[in-house]
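Coordinates as given in upload-v7.txt (compact mmCIF, C-alpha atoms and all ligand atoms):
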# COMPACT_ATOMS: atom_id res chain seq x y z
CA MET A 1 53.50 -16.92 30.34
CA ILE A 2 57.14 -17.87 30.21
CA ASP A 3 58.09 -20.65 27.83
CA PRO A 4 58.75 -23.74 30.04
CA GLU A 5 62.05 -24.34 28.23
CA ILE A 6 63.29 -20.85 29.13
CA LEU A 7 62.13 -21.32 32.71
CA GLU A 8 64.11 -24.53 32.93
CA GLU A 9 67.20 -22.70 31.67
CA LEU A 10 66.70 -19.85 34.15
CA GLU A 11 66.30 -22.32 36.99
CA GLY A 12 69.55 -23.90 35.88
CA TRP A 13 71.31 -20.54 36.22
CA GLU A 14 69.75 -20.03 39.64
CA ASP A 15 71.04 -23.44 40.74
CA ASP A 16 74.49 -22.39 39.64
CA ALA A 17 74.39 -19.13 41.55
CA ASP A 18 76.56 -20.47 44.37
CA ASP A 19 79.26 -21.56 41.98
CA ALA A 20 82.13 -19.09 42.28
CA ASP A 21 82.98 -19.47 38.58
CA ASP A 22 79.53 -18.24 37.63
CA ALA A 23 79.29 -15.55 40.28
CA ASP A 24 79.82 -12.63 37.89
CA ASP A 25 78.36 -13.95 34.68
CA GLY A 26 76.12 -10.87 34.50
CA TRP A 27 72.82 -12.73 34.59
CA THR A 28 70.20 -12.13 37.24
CA VAL A 29 67.35 -14.46 37.96
CA SER A 30 66.17 -12.92 41.23
CA GLY A 31 62.51 -12.56 41.98
CA GLY A 32 59.52 -14.65 41.16
CA GLU A 33 56.62 -14.09 38.83
CA GLY A 34 55.87 -10.44 38.34
CA SER A 35 58.76 -9.20 40.42
CA VAL A 36 60.74 -6.23 39.18
CA GLY A 37 64.42 -5.44 39.53
CA GLN A 38 64.49 -3.31 42.66
CA GLY A 39 60.95 -3.70 43.95
CA SER A 40 59.45 -6.64 45.74
CA ALA A 41 55.94 -7.93 46.21
CA ALA A 42 55.70 -5.80 49.36
CA THR A 43 56.59 -2.42 47.84
CA GLY A 44 55.11 -0.62 44.92
CA ALA A 45 57.03 0.22 41.78
CA LEU A 46 56.66 2.05 38.52
CA VAL A 47 57.84 -0.30 35.78
CA LEU A 48 58.67 0.91 32.27
CA VAL A 49 58.02 -1.98 29.90
CA GLY A 50 59.41 -2.15 26.37
CA THR A 51 57.05 -3.58 23.73
CA PRO A 52 57.66 -4.65 20.10
CA ILE A 53 58.29 -2.14 17.31
CA GLY A 54 56.56 -4.37 14.80
CA ASN A 55 57.25 -8.00 15.52
CA LEU A 56 55.15 -9.45 18.33
CA GLY A 57 57.80 -12.10 18.88
CA ASP A 58 59.95 -9.36 20.44
CA LEU A 59 57.76 -9.10 23.55
CA SER A 60 60.02 -10.56 26.22
CA PRO A 61 58.95 -13.21 28.73
CA ARG A 62 59.76 -10.78 31.56
CA ALA A 63 57.55 -8.15 29.92
CA VAL A 64 54.71 -10.67 29.78
CA ASP A 65 55.29 -11.57 33.42
CA VAL A 66 55.24 -8.00 34.67
CA LEU A 67 52.27 -6.98 32.52
CA SER A 68 50.30 -10.04 33.68
CA ASN A 69 50.91 -9.20 37.33
CA ALA A 70 50.69 -5.41 37.24
CA ASN A 71 47.85 -3.79 39.18
CA VAL A 72 47.38 -1.30 36.37
CA ILE A 73 48.95 -0.69 32.96
CA TYR A 74 49.19 2.86 31.65
CA CYS A 75 49.28 2.98 27.85
CA GLU A 76 48.95 5.48 25.01
CA ASP A 77 45.97 3.81 23.36
CA THR A 78 44.01 1.25 25.37
CA ARG A 79 42.60 -0.49 22.27
CA HIS A 80 46.06 -0.85 20.73
CA SER A 81 47.60 -2.20 23.94
CA ARG A 82 44.65 -4.51 24.59
CA LYS A 83 45.48 -6.25 21.29
CA LEU A 84 49.08 -6.78 22.39
CA LEU A 85 47.96 -8.13 25.77
CA THR A 86 45.45 -10.46 24.15
CA HIS A 87 48.18 -11.76 21.85
CA ALA A 88 50.33 -12.44 24.94
CA GLY A 89 47.46 -14.23 26.65
CA ILE A 90 47.02 -11.50 29.27
CA SER A 91 43.53 -10.56 30.36
CA GLY A 92 41.87 -8.86 33.29
CA VAL A 93 44.54 -6.21 33.94
CA ARG A 94 43.21 -2.66 34.29
CA LEU A 95 44.29 -0.26 31.53
CA ARG A 96 44.50 3.53 31.89
CA SER A 97 45.40 5.96 29.14
CA LEU A 98 48.64 7.91 29.33
CA HIS A 99 49.40 10.08 26.33
CA GLY A 100 50.98 13.38 25.44
CA HIS A 101 47.90 15.36 26.43
CA ASN A 102 47.20 13.83 29.86
CA GLU A 103 50.60 12.69 31.13
CA VAL A 104 50.96 15.54 33.61
CA ASP A 105 47.37 15.06 34.87
CA ARG A 106 48.09 11.38 35.57
CA ILE A 107 51.14 12.02 37.76
CA ASP A 108 49.33 12.30 41.11
CA GLU A 109 47.37 9.09 40.69
CA VAL A 110 50.46 7.17 39.54
CA ILE A 111 52.40 8.37 42.58
CA ALA A 112 49.49 7.45 44.88
CA SER A 113 49.31 3.94 43.37
CA VAL A 114 53.04 3.28 43.66
CA ALA A 115 53.16 4.73 47.18
CA GLY A 116 50.20 2.49 48.04
CA GLY A 117 52.25 -0.60 47.18
CA ARG A 118 50.99 -1.25 43.66
CA THR A 119 52.91 -2.31 40.59
CA VAL A 120 52.19 0.28 37.92
CA ALA A 121 53.36 -0.66 34.42
CA VAL A 122 53.83 1.91 31.66
CA VAL A 123 53.96 0.95 28.00
CA SER A 124 53.74 3.00 24.82
CA ASP A 125 52.30 2.00 21.46
CA ALA A 126 55.68 0.61 20.41
CA GLY A 127 59.22 0.35 21.68
CA MET A 128 60.45 1.96 24.88
CA PRO A 129 58.14 4.37 26.71
CA GLY A 130 59.75 7.78 27.12
CA ILE A 131 61.62 7.57 23.80
CA SER A 132 59.72 10.00 21.55
CA ASP A 133 56.72 8.69 23.49
CA PRO A 134 55.06 9.60 26.79
CA GLY A 135 56.53 8.38 30.06
CA SER A 136 59.48 10.56 30.97
CA ARG A 137 57.49 13.16 32.92
CA VAL A 138 55.82 10.48 35.05
CA VAL A 139 59.21 8.86 35.66
CA ALA A 140 60.73 12.18 36.75
CA ALA A 141 57.87 12.78 39.19
CA VAL A 142 58.00 9.27 40.65
CA ALA A 143 61.78 9.56 41.03
CA ALA A 144 61.38 12.93 42.73
CA ALA A 145 58.90 11.32 45.15
CA GLY A 146 61.60 8.82 46.10
CA LEU A 147 59.64 5.79 44.90
CA THR A 148 60.92 2.69 43.15
CA ILE A 149 61.31 2.71 39.38
CA SER A 150 62.28 -0.32 37.38
CA VAL A 151 62.52 -1.15 33.69
CA ILE A 152 61.91 -4.17 31.51
CA PRO A 153 64.05 -3.25 28.49
CA GLY A 154 62.72 -4.02 25.06
CA PRO A 155 63.23 -2.98 21.44
CA SER A 156 63.69 0.63 20.47
CA ALA A 157 63.71 1.67 16.81
CA GLY A 158 66.58 4.13 17.22
CA LEU A 159 69.00 1.66 18.78
CA ALA A 160 67.97 -1.10 16.38
CA ALA A 161 68.60 1.22 13.41
CA LEU A 162 71.91 2.44 14.82
CA VAL A 163 73.42 -0.99 15.32
CA ALA A 164 72.28 -2.16 11.87
CA SER A 165 73.32 1.06 10.08
CA GLY A 166 76.98 0.22 9.62
CA LEU A 167 77.88 3.68 10.95
CA SER A 168 79.97 4.26 14.05
CA THR A 169 78.27 3.15 17.25
CA GLU A 170 81.15 4.28 19.44
CA ARG A 171 79.64 7.68 20.26
CA PHE A 172 76.13 8.58 19.21
CA CYS A 173 73.27 10.89 20.09
CA PHE A 174 69.51 10.66 19.74
CA GLU A 175 67.74 13.57 18.09
CA GLY A 176 64.23 12.07 17.77
CA PHE A 177 61.89 14.08 15.53
CA LEU A 178 63.20 17.41 14.22
CA PRO A 179 60.86 20.40 14.54
CA ARG A 180 58.70 20.57 11.41
CA SER A 181 59.58 24.07 10.27
CA GLY A 182 60.86 27.51 11.10
CA LYS A 183 63.77 28.83 13.08
CA GLU A 184 63.77 25.93 15.52
CA ARG A 185 64.14 23.42 12.68
CA ARG A 186 66.94 25.44 11.10
CA SER A 187 68.90 25.70 14.32
CA ARG A 188 68.47 21.98 15.10
CA LEU A 189 69.60 21.09 11.56
CA THR A 190 72.68 23.27 12.05
CA ALA A 191 73.47 21.56 15.36
CA VAL A 192 72.96 18.10 13.84
CA ALA A 193 75.26 18.97 10.92
CA GLU A 194 78.02 20.06 13.32
CA GLU A 195 77.61 17.09 15.66
CA SER A 196 80.66 14.82 15.58
CA ARG A 197 78.83 11.80 16.99
CA THR A 198 76.53 9.58 14.92
CA THR A 199 73.01 11.02 15.12
CA VAL A 200 69.77 9.02 15.20
CA LEU A 201 66.63 10.78 13.94
CA TYR A 202 63.02 9.66 13.72
CA GLU A 203 60.89 10.82 10.81
CA ALA A 204 57.44 10.26 9.34
CA PRO A 205 57.56 8.59 5.91
CA GLY A 206 55.83 11.53 4.21
CA ARG A 207 58.51 13.93 5.43
CA LEU A 208 61.52 11.69 4.83
CA ALA A 209 62.56 13.10 1.44
CA ALA A 210 62.39 16.72 2.63
CA THR A 211 64.39 15.98 5.78
CA LEU A 212 67.05 14.06 3.86
CA ALA A 213 67.32 16.96 1.39
CA ASP A 214 67.73 19.39 4.31
CA LEU A 215 70.40 17.15 5.84
CA ALA A 216 72.27 16.93 2.51
CA ARG A 217 72.15 20.71 2.15
CA GLN A 218 73.33 21.29 5.69
CA CYS A 219 75.87 18.46 6.09
CA GLY A 220 77.15 18.27 2.53
CA ASP A 221 76.05 15.81 -0.16
CA ASP A 222 78.65 13.22 0.78
CA ARG A 223 77.84 12.75 4.46
CA GLU A 224 77.11 9.04 5.08
CA VAL A 225 73.53 8.11 5.93
CA ALA A 226 71.51 4.98 6.60
CA VAL A 227 67.72 4.84 6.46
CA ALA A 228 66.19 1.93 8.36
CA ARG A 229 62.63 1.15 7.31
CA GLU A 230 60.05 -1.19 8.83
CA LEU A 231 62.51 -2.78 11.25
CA THR A 232 61.51 -6.24 12.50
CA LYS A 233 58.63 -6.33 10.00
CA LEU A 234 58.03 -8.13 6.71
CA HIS A 235 59.42 -5.32 4.55
CA GLU A 236 62.44 -4.46 6.68
CA GLU A 237 65.01 -2.58 4.62
CA ILE A 238 68.19 -0.64 5.37
CA TRP A 239 69.31 1.85 2.71
CA ARG A 240 72.93 3.00 3.00
CA GLY A 241 74.76 5.69 1.07
CA THR A 242 75.33 9.45 1.00
CA ALA A 243 72.95 12.16 2.16
CA ALA A 244 72.38 13.33 -1.43
CA GLY A 245 71.83 9.74 -2.59
CA ALA A 246 69.35 9.14 0.23
CA ALA A 247 67.45 12.33 -0.62
CA SER A 248 67.15 11.35 -4.26
CA TRP A 249 66.21 7.74 -3.35
CA ALA A 250 63.47 8.96 -1.01
CA SER A 251 62.11 11.50 -3.47
CA SER A 252 62.02 8.99 -6.32
CA MET A 253 59.33 6.88 -4.67
CA ALA A 254 56.65 6.98 -1.99
CA VAL A 255 58.54 5.55 0.97
CA ARG A 256 56.09 3.60 3.09
CA GLY A 257 56.15 2.47 6.69
CA GLU A 258 58.20 3.64 9.65
CA VAL A 259 61.68 5.03 9.20
CA VAL A 260 64.75 5.97 11.20
CA ILE A 261 67.57 8.11 9.77
CA VAL A 262 71.09 7.42 11.02
CA LEU A 263 73.56 10.16 10.11
CA ALA A 264 77.34 9.86 10.33
CA GLY A 265 79.06 12.41 12.56
CA ALA A 266 80.70 15.53 11.13
CA PRO A 267 84.28 14.83 10.05
CA ASP A 268 86.93 15.99 12.49
CA VAL A 269 88.68 18.86 10.77
CA GLU A 270 91.29 20.70 12.77
CA VAL A 271 90.39 24.38 12.89
CA ASN A 272 93.97 25.23 12.05
CA GLU A 273 94.00 22.97 9.00
CA VAL A 274 91.92 25.41 7.03
CA GLY A 275 93.15 28.97 7.06
CA ASP A 276 90.80 31.94 6.86
CA GLY A 277 91.83 32.65 3.24
CA PRO A 278 89.91 29.86 1.47
CA LEU A 279 86.89 30.43 3.72
CA ILE A 280 86.79 34.16 2.95
CA GLU A 281 87.22 33.45 -0.75
CA ALA A 282 84.34 30.99 -0.74
CA LEU A 283 82.12 33.38 1.25
CA GLU A 284 82.95 36.34 -1.00
CA ALA A 285 82.12 34.34 -4.11
CA ARG A 286 78.76 33.28 -2.72
CA LEU A 287 77.79 36.71 -1.37
CA ALA A 288 78.84 38.34 -4.63
CA ALA A 289 76.60 35.88 -6.47
CA GLY A 290 73.67 37.20 -4.43
CA GLU A 291 73.36 34.43 -1.83
CA ARG A 292 71.97 35.39 1.55
CA THR A 293 74.43 35.42 4.43
CA ARG A 294 72.82 32.42 6.10
CA GLY A 295 72.85 30.34 2.90
CA ALA A 296 76.48 31.25 2.16
CA VAL A 297 77.52 30.36 5.71
CA ASP A 298 75.63 27.03 5.60
CA ALA A 299 77.26 26.11 2.30
CA VAL A 300 80.78 26.97 3.46
CA VAL A 301 80.31 25.10 6.75
CA ALA A 302 79.18 22.03 4.80
CA GLU A 303 81.97 22.38 2.24
CA PHE A 304 84.83 22.75 4.73
CA GLY A 305 83.34 20.86 7.68
CA ILE A 306 84.27 23.48 10.26
CA ALA A 307 82.47 25.30 13.06
CA ARG A 308 79.61 27.53 11.99
CA ARG A 309 80.57 30.15 14.59
CA ARG A 310 83.90 30.75 12.85
CA VAL A 311 82.42 30.95 9.34
CA TYR A 312 79.66 33.27 10.52
CA ALA A 313 82.18 35.66 12.08
CA LEU A 314 84.14 35.70 8.81
CA ALA A 315 80.94 36.33 6.84
CA LEU A 316 80.18 39.35 9.01
CA ALA A 317 83.70 40.67 8.47
CA VAL A 318 83.39 40.16 4.70
CA ARG A 319 80.07 42.01 4.65
CA ASN A 320 81.42 44.89 6.71
CA ASP A 321 84.27 45.26 4.26
CA ASP A 322 81.83 45.31 1.35
CA PRO A 323 82.08 48.85 -0.04
CA SER A 324 78.96 48.49 -2.18
CA PRO A 325 76.45 51.19 -1.21
CA GLY A 326 73.25 50.00 0.35
CA ALA A 327 74.59 46.67 1.61
CA PRO A 328 71.86 45.91 4.19
CA PRO A 329 72.78 45.24 7.80
CA GLU A 330 72.96 41.67 9.11
CA GLY A 331 69.59 40.03 9.61
CA THR A 332 67.79 41.93 6.85
CA ARG A 333 68.95 39.85 3.88
N1 LIG B 401 59.12 4.59 21.55
C1 LIG B 401 59.52 4.20 20.24
C2 LIG B 401 60.92 3.58 20.30
O1 LIG B 401 61.39 3.24 21.39
O2 LIG B 401 61.54 3.42 19.26
C3 LIG B 401 59.44 5.32 19.25
C4 LIG B 401 58.08 5.90 19.08
S1 LIG B 401 58.02 7.22 17.94
C5 LIG B 401 56.41 7.86 18.26
C6 LIG B 401 57.73 6.41 16.41
C7 LIG B 401 58.91 6.53 15.46
O3 LIG B 401 59.86 5.49 15.73
C8 LIG B 401 58.53 6.30 14.00
O4 LIG B 401 58.08 7.50 13.39
C9 LIG B 401 59.83 5.85 13.40
O5 LIG B 401 60.68 6.94 13.17
C10 LIG B 401 60.40 5.00 14.54
N2 LIG B 401 59.99 3.58 14.40
C11 LIG B 401 59.13 2.91 15.19
N3 LIG B 401 59.03 1.64 14.78
C12 LIG B 401 59.84 1.49 13.72
C13 LIG B 401 60.19 0.40 12.86
N4 LIG B 401 59.64 -0.79 13.02
N5 LIG B 401 61.07 0.61 11.87
C14 LIG B 401 61.65 1.84 11.70
N6 LIG B 401 61.34 2.90 12.47
C15 LIG B 401 60.46 2.72 13.47
Do you think you could lay out the structure here as structure tokens?
Amino acid sequence: MIDPEILEELEGWEDDADDADDADDGWTVSGGEGSVGQGSAATGALVLVGTPIGNLGDLSPRAVDVLSNANVIYCEDTRHSRKLLTHAGISGVRLRSLHGHNEVDRIDEVIASVAGGRTVAVVSDAGMPGISDPGSRVVAAVAAAGLTISVIPGPSAGLAALVASGLSTERFCFEGFLPRSGKERRSRLTAVAEESRTTVLYEAPGRLAATLADLARQCGDDREVAVARELTKLHEEIWRGTAAGAASWASSMAVRGEVVIVLAGAPDVEVNEVGDGPLIEALEARLAAGERTRGAVDAVVAEFGIARRRVYALALAVRNDDPSPGAPPEGTR
């Protein structure tokens, strides 16, 4: 239930709503208990509800209101969410599971409920549903059906880490979890290294050191990085430094808890600033030393901070010029 002091404050804002000076203060207090932004008691709505990423105090009064009054709450793990609801003093609301394996199967019943006038809440285990969590496919289907969707914003680890990282927040992108291995991981790492905006990545603690080492290799040792650990919890910590420093920090100990990596964007280097000469020289030296084409290209991209496409084309030209007999064709080294 809403803290009476907050209610009093909200009512104060509502009273002031007619005052022209306050007309565009950005606050909205419309709706009564359980109402959602666009929906009303008479029409159904799908409501995405943000929940804490560690600190139960971050469950908002509006979230409590909507969850208390929802006809059904879809959640990843009913036992986990039941604990949160109990903590918030909410009981008697029906819970249904919605996780990665059954999200698509749940779409029809969610649409039927919303179309039938019900308030259907969706939460995930932590943070915002749909952010590296289930929810987005149901939202897309409900939107396509022309039904009302609303959101009760709450914490999200990526945004919390970004704003606390000390890195640029002006332009950023969210990468979520990188693929674990293989070609897909390599190509995503390449794209992340070339990205000029700040990038936010999620990672499991056991894989942190390996991912930071990959990022250092791909982006260059000196790329700035922040690692936000256990945000909003007792052992909250934000490590800041270079990619190489982060990799060695993470490999020197067993990093525990949940982590977000925030990576500075690739430096803006004018293509024309670096001529082909130094790039060819660097590539030739690496290929002559026996490095594979891909490794040599990665290293030169990281060293000079320029587009991979250009370095790769130069590497191919260097290899075609290589008079040494038996130089294998591209793709076989
Ligand atoms: N939906 C969530 C959100 O909005 O942030 C993300 C869920 S995703 C399955 C879980 C990942 O989020 C973790 O592996 C970690 O990378 C990050 N994370 C969640 N809680 C965190 C916390 N308290 N501190 C740091 N990272 C956290």
- Task: Quick one: everything within 6 Å of stretch 206-218 of chain A, counting all atoms listed in the file, minus sequence neighbours fewer than 5 positions away in the same chain. Send it as an MDAnalysis selection string.
- Result: chainID A and resid 243:244 247 250:251 302
Rows by chain and residue number, chain A within 9 Å of ligand LIG 401 (chain B), shortest pair, only C-alpha atoms and all ligand atoms, as JSON lines:
{"residue": "A:Gly50", "atom": "CA", "partner": "B:LIG401", "partner_atom": "O1", "distance": 7.6}
{"residue": "A:Thr51", "atom": "CA", "partner": "B:LIG401", "partner_atom": "O1", "distance": 8.4}
{"residue": "A:Pro52", "atom": "CA", "partner": "B:LIG401", "partner_atom": "N4", "distance": 8.3}
{"residue": "A:Ile53", "atom": "CA", "partner": "B:LIG401", "partner_atom": "N3", "distance": 4.6}
{"residue": "A:Gly54", "atom": "CA", "partner": "B:LIG401", "partner_atom": "N4", "distance": 5.0}
{"residue": "A:Asn55", "atom": "CA", "partner": "B:LIG401", "partner_atom": "N4", "distance": 8.0}
{"residue": "A:Ser124", "atom": "CA", "partner": "B:LIG401", "partner_atom": "N1", "distance": 6.5}
{"residue": "A:Asp125", "atom": "CA", "partner": "B:LIG401", "partner_atom": "N1", "distance": 7.3}
{"residue": "A:Ala126", "atom": "CA", "partner": "B:LIG401", "partner_atom": "C1", "distance": 5.3}
{"residue": "A:Gly127", "atom": "CA", "partner": "B:LIG401", "partner_atom": "O1", "distance": 3.6}
{"residue": "A:Met128", "atom": "CA", "partner": "B:LIG401", "partner_atom": "O1", "distance": 3.8}
{"residue": "A:Pro129", "atom": "CA", "partner": "B:LIG401", "partner_atom": "N1", "distance": 5.3}
{"residue": "A:Gly130", "atom": "CA", "partner": "B:LIG401", "partner_atom": "N1", "distance": 6.4}
{"residue": "A:Ile131", "atom": "CA", "partner": "B:LIG401", "partner_atom": "N1", "distance": 4.5}
{"residue": "A:Ser132", "atom": "CA", "partner": "B:LIG401", "partner_atom": "S1", "distance": 4.9}
{"residue": "A:Asp133", "atom": "CA", "partner": "B:LIG401", "partner_atom": "N1", "distance": 5.1}
{"residue": "A:Pro134", "atom": "CA", "partner": "B:LIG401", "partner_atom": "N1", "distance": 8.3}
{"residue": "A:Gly154", "atom": "CA", "partner": "B:LIG401", "partner_atom": "O1", "distance": 8.2}
{"residue": "A:Pro155", "atom": "CA", "partner": "B:LIG401", "partner_atom": "O1", "distance": 6.5}
{"residue": "A:Ser156", "atom": "CA", "partner": "B:LIG401", "partner_atom": "O1", "distance": 3.6}
{"residue": "A:Ala157", "atom": "CA", "partner": "B:LIG401", "partner_atom": "O2", "distance": 3.7}
{"residue": "A:Gly158", "atom": "CA", "partner": "B:LIG401", "partner_atom": "O2", "distance": 5.5}
{"residue": "A:Leu159", "atom": "CA", "partner": "B:LIG401", "partner_atom": "O2", "distance": 7.7}
{"residue": "A:Ala160", "atom": "CA", "partner": "B:LIG401", "partner_atom": "O2", "distance": 8.4}
{"residue": "A:Ala161", "atom": "CA", "partner": "B:LIG401", "partner_atom": "C14", "distance": 7.2}
{"residue": "A:Gly176", "atom": "CA", "partner": "B:LIG401", "partner_atom": "O5", "distance": 7.8}
{"residue": "A:Phe177", "atom": "CA", "partner": "B:LIG401", "partner_atom": "O5", "distance": 7.6}
{"residue": "A:Leu201", "atom": "CA", "partner": "B:LIG401", "partner_atom": "O5", "distance": 7.1}
{"residue": "A:Tyr202", "atom": "CA", "partner": "B:LIG401", "partner_atom": "O5", "distance": 3.6}
{"residue": "A:Glu203", "atom": "CA", "partner": "B:LIG401", "partner_atom": "O5", "distance": 4.5}
{"residue": "A:Ala204", "atom": "CA", "partner": "B:LIG401", "partner_atom": "O4", "distance": 4.9}
{"residue": "A:Pro205", "atom": "CA", "partner": "B:LIG401", "partner_atom": "O4", "distance": 7.6}
{"residue": "A:Val227", "atom": "CA", "partner": "B:LIG401", "partner_atom": "C14", "distance": 8.6}
{"residue": "A:Ala228", "atom": "CA", "partner": "B:LIG401", "partner_atom": "C14", "distance": 5.6}
{"residue": "A:Arg229", "atom": "CA", "partner": "B:LIG401", "partner_atom": "C14", "distance": 4.6}
{"residue": "A:Glu230", "atom": "CA", "partner": "B:LIG401", "partner_atom": "N5", "distance": 3.7}
{"residue": "A:Leu231", "atom": "CA", "partner": "B:LIG401", "partner_atom": "N5", "distance": 3.7}
{"residue": "A:Thr232", "atom": "CA", "partner": "B:LIG401", "partner_atom": "N4", "distance": 5.8}
{"residue": "A:Lys233", "atom": "CA", "partner": "B:LIG401", "partner_atom": "N4", "distance": 6.4}
{"residue": "A:Glu236", "atom": "CA", "partner": "B:LIG401", "partner_atom": "N5", "distance": 7.4}
{"residue": "A:Glu237", "atom": "CA", "partner": "B:LIG401", "partner_atom": "N5", "distance": 8.8}
{"residue": "A:Gly257", "atom": "CA", "partner": "B:LIG401", "partner_atom": "N5", "distance": 7.4}
{"residue": "A:Glu258", "atom": "CA", "partner": "B:LIG401", "partner_atom": "N6", "distance": 4.3}
{"residue": "A:Val259", "atom": "CA", "partner": "B:LIG401", "partner_atom": "N6", "distance": 3.9}
{"residue": "A:Val260", "atom": "CA", "partner": "B:LIG401", "partner_atom": "O5", "distance": 4.6}
{"residue": "A:Ile261", "atom": "CA", "partner": "B:LIG401", "partner_atom": "O5", "distance": 7.8}
- Taken to one decimal, the atom CA of A:Val262-atom CA of A:Leu234 distance is 20.8 Å
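The closest residue to A:Phe304, picked from A:Ala144, A:Ala254, A:Cys219, A:Ala226 and counting only C-alpha atoms, is A:Cys219.
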- Message: When you count only C-alpha atoms, which of these residues is closest to A:Leu56: A:Thr43, A:Asn69, A:Ser181, A:Ser81?
- Response: A:Ser81
- Task: Tell me which protein, DNA and RNA residues are within 7 Å of A:Thr242, counting only C-alpha atoms, leaving out same-chain ones fewer than 4 positions away, and put them as a count of residues only.
- Result: 6
- Would you mind telling me which residue in A:Glu175, A:Asp298, A:Glu184, A:Asp77 lies nearest to A:Thr199 when using all atoms listed in the file?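 Using all atoms listed in the file, A:Thr199 sits closest to A:Glu175.
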- Item | Distance in Å - atom CA of A:Arg240 versus atom CA of A:Leu178 |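 The value is 20.7 Å.
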- Message: Calculated over only C-alpha atoms, which of the candidates A:Val114, A:Ala121, A:Ile90, A:Val49 has the smallest distance to A:Val72?
- Response: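 Of the candidates, the smallest distance to A:Val72 is held by A:Ala121.
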